[in-house]
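Notes for the one structure printed next.
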Amino acid sequence: MPAKEGIKSECDALVLMPVRFFMEQNMPPVFYEIKNAVIGIAGLGGLGSNVAVALARLGAGKLIIADFDIVEEGNLTRQQYFLDQVGRPKVTATVENLGRINPDIDIKTHRVRLTPENIPQIFAEADVIAECFDLPDQKQMLVETVLTRMQRPLIVSVSGVAGYGNSNAIKTTRISKRLILVGDGITVARPGTRLTASRVGIAAYHQANAIVELVINELHKVEIGGPNDTNT
Amino acid sequence: MTQTLKINGREKQFPEGQIPQTLSELLHQLNLDQATIVAEINGQIVERASFAETKIAPGASIELVRFVPGG
């Protein structure tokens, strides 16, 4: 592979970009596809912050992340942030955290509240979008907007992840051509049944895993060794 | 004589004349909050703003995705 600027040897590459190095060596089909896909993450809470970390470790190359919120102490029970990040925008903290895992990602950040008006423009380049909101009417709004106002992106959405235990009730289901749904569809977050790192994490990793599967099986942008393969 | 709707893959029977006329009526009968529902009829997505005027024909295949809080 051509050496990236400033990288003189494989050894340097290993130090600077271990995710790229190991994914490329060990799972080239996954790495090449995920590196070239554009993946949107709408919301960077319990779901989104975990989806982002999983995608960074998989070698994702292009992310579009959107969230209007800041990191709060209570988020640390389940979201991928750290004490010293409390008070900072989640988009900023996410960029920082992903860069510490895999600096080889092009991340476009949007610190905004997503609306039917701005979603099509913010996620225009996305091949697939992870719906990672908390409130049901916001989930509805995002899914409806993507399915009615956008032609292309697939959406992996979540409903029913609150509480703990009952791991196997969380399923990934293909609802229609462009809509994939993760969750048990039932368990509502409310006082007494709050969100836990363990269960919301399962859902987030279902989402990330569904995204990998869609990118490999359905988007398939790069033929290894073909004209669009910039990796050989 | 009954009429049928296929809702999330399952057939639901209605006595003739009692089948809901619109998507809004169906959601009301099922006690579902419209603000949390994404609906497809025969594979076509229906915008929430159109639920009240979207007619339902007997035999229609309806997919309802209900979102609950949490994430």
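Labeling convention for the structure tokens: chains A, B, ... as they appear, residues from 1 per chain, ligands from 1 in order of appearance.
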**Study point:** Shell of 10 Å around Lys6 in chain B, only C-alpha atoms, local chain residues under 6 positions omitted, as number ranges by chain
**Key:** B: 12-13, 41-42, 58-63
Exercise for review: Find the residues of chain B in contact range of chain A, meaning any atom within 8 Å when counting only C-alpha atoms, and list them as a ChimeraX atom specification.
Suggested key: /B:35-38,43,45,47-48,63,66-71
Save out the residues we just selected, all heavy atoms, as a short mmCIF file (atom, residue, chain, number, x, y, z; two decimals), in the first residue's frame.
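As a result, out.cif now contains:
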```
data_model
loop_
_atom_site.label_atom_id
_atom_site.label_comp_id
_atom_site.auth_asym_id
_atom_site.auth_seq_id
_atom_site.Cartn_x
_atom_site.Cartn_y
_atom_site.Cartn_z
N ALA B 35 -47.78 9.78 17.14
CA ALA B 35 -46.48 10.47 17.11
C ALA B 35 -45.31 9.49 17.19
O ALA B 35 -44.17 9.87 16.95
CB ALA B 35 -46.40 11.46 18.26
N THR B 36 -45.60 8.23 17.54
CA THR B 36 -44.51 7.26 17.72
C THR B 36 -44.55 6.15 16.66
O THR B 36 -43.87 5.14 16.80
CB THR B 36 -44.60 6.60 19.11
OG1 THR B 36 -45.80 5.81 19.17
CG2 THR B 36 -44.62 7.64 20.21
N ILE B 37 -45.35 6.36 15.60
CA ILE B 37 -45.56 5.28 14.63
C ILE B 37 -45.01 5.64 13.24
O ILE B 37 -45.29 6.71 12.71
CB ILE B 37 -47.07 4.97 14.47
CG1 ILE B 37 -47.67 4.49 15.80
CG2 ILE B 37 -47.31 3.93 13.37
CD1 ILE B 37 -47.23 3.13 16.27
N VAL B 38 -44.24 4.72 12.69
CA VAL B 38 -43.91 4.79 11.26
C VAL B 38 -44.74 3.70 10.58
O VAL B 38 -44.75 2.55 11.02
CB VAL B 38 -42.40 4.56 11.00
CG1 VAL B 38 -42.14 4.28 9.53
CG2 VAL B 38 -41.60 5.79 11.44
N GLY B 43 -46.15 -1.78 1.40
CA GLY B 43 -44.75 -1.47 1.08
C GLY B 43 -44.46 0.02 0.86
O GLY B 43 -43.32 0.40 0.67
N ILE B 45 -44.32 3.82 2.32
CA ILE B 45 -44.30 4.59 3.55
C ILE B 45 -45.39 5.68 3.48
O ILE B 45 -45.60 6.28 2.44
CB ILE B 45 -42.91 5.21 3.79
CG1 ILE B 45 -42.86 6.10 5.02
CG2 ILE B 45 -42.42 5.98 2.58
CD1 ILE B 45 -42.27 5.43 6.21
N GLU B 47 -46.59 9.24 5.30
CA GLU B 47 -46.17 10.28 6.25
C GLU B 47 -47.21 10.44 7.35
O GLU B 47 -48.41 10.35 7.09
CB GLU B 47 -45.98 11.61 5.51
CG GLU B 47 -44.67 11.66 4.75
CD GLU B 47 -44.31 13.07 4.33
OE1 GLU B 47 -44.02 13.90 5.22
OE2 GLU B 47 -44.31 13.35 3.13
N ARG B 48 -46.72 10.73 8.54
CA ARG B 48 -47.61 10.87 9.69
C ARG B 48 -48.67 11.95 9.44
O ARG B 48 -49.82 11.80 9.86
CB ARG B 48 -46.75 11.23 10.89
CG ARG B 48 -47.50 11.27 12.17
CD ARG B 48 -46.54 11.68 13.28
NE ARG B 48 -47.22 12.49 14.26
CZ ARG B 48 -46.62 13.36 15.05
NH1 ARG B 48 -45.32 13.54 14.98
NH2 ARG B 48 -47.31 14.04 15.93
N GLU B 63 -47.66 -2.35 7.78
CA GLU B 63 -46.52 -2.54 8.69
C GLU B 63 -46.48 -1.34 9.62
O GLU B 63 -46.44 -0.19 9.17
CB GLU B 63 -45.24 -2.61 7.84
CG GLU B 63 -44.06 -3.28 8.50
CD GLU B 63 -44.24 -4.77 8.77
OE1 GLU B 63 -44.78 -5.51 7.91
OE2 GLU B 63 -43.83 -5.18 9.87
N ARG B 66 -43.56 0.77 16.02
CA ARG B 66 -43.83 1.64 17.16
C ARG B 66 -42.53 1.93 17.90
O ARG B 66 -41.81 1.00 18.28
CB ARG B 66 -44.81 0.97 18.13
CG ARG B 66 -45.18 1.86 19.31
CD ARG B 66 -46.22 1.22 20.20
NE ARG B 66 -45.66 0.11 20.96
CZ ARG B 66 -45.59 0.08 22.31
NH1 ARG B 66 -46.04 1.09 23.02
NH2 ARG B 66 -45.09 -0.96 22.93
N PHE B 67 -42.25 3.19 18.10
CA PHE B 67 -41.05 3.58 18.84
C PHE B 67 -41.38 3.84 20.30
O PHE B 67 -42.36 4.52 20.60
CB PHE B 67 -40.40 4.80 18.20
CG PHE B 67 -39.81 4.50 16.86
CD1 PHE B 67 -40.48 4.86 15.70
CD2 PHE B 67 -38.63 3.79 16.75
CE1 PHE B 67 -39.95 4.55 14.46
CE2 PHE B 67 -38.10 3.46 15.51
CZ PHE B 67 -38.76 3.84 14.37
N VAL B 68 -40.58 3.28 21.18
CA VAL B 68 -40.73 3.53 22.62
C VAL B 68 -39.48 4.26 23.11
O VAL B 68 -38.43 4.21 22.47
CB VAL B 68 -40.95 2.21 23.41
CG1 VAL B 68 -42.21 1.51 22.93
CG2 VAL B 68 -39.75 1.28 23.31
N PRO B 69 -39.58 4.98 24.25
CA PRO B 69 -38.44 5.76 24.73
C PRO B 69 -37.24 4.88 25.08
O PRO B 69 -37.40 3.75 25.54
CB PRO B 69 -38.97 6.46 25.98
CG PRO B 69 -40.45 6.39 25.89
CD PRO B 69 -40.77 5.15 25.11
N GLY B 70 -36.07 5.44 24.88
CA GLY B 70 -34.84 4.76 25.30
C GLY B 70 -33.80 4.74 24.23
O GLY B 70 -34.06 4.35 23.11
N GLY B 71 -32.62 5.22 24.59
CA GLY B 71 -31.51 5.21 23.66
C GLY B 71 -30.47 6.18 24.16
O GLY B 71 -29.35 6.11 24.02
#
```
Check your understanding: Quick one: distance from CA of Asn217 in chain A to CA of Ala37 in chain A in Å, one decimal?
Key -> 12.1 Å
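What separates CA of Glu72 in chain A from CA of Gly87 in chain A is a distance of 6.1 Å.
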Review point. Among chain B, which residues carry a DSSP assignment of strand (DSSP E or B), reported as a VMD selection string?
Key: chain B and resid 2 to 7 10 to 15 22 37 to 41 44 to 46 55 61 to 66
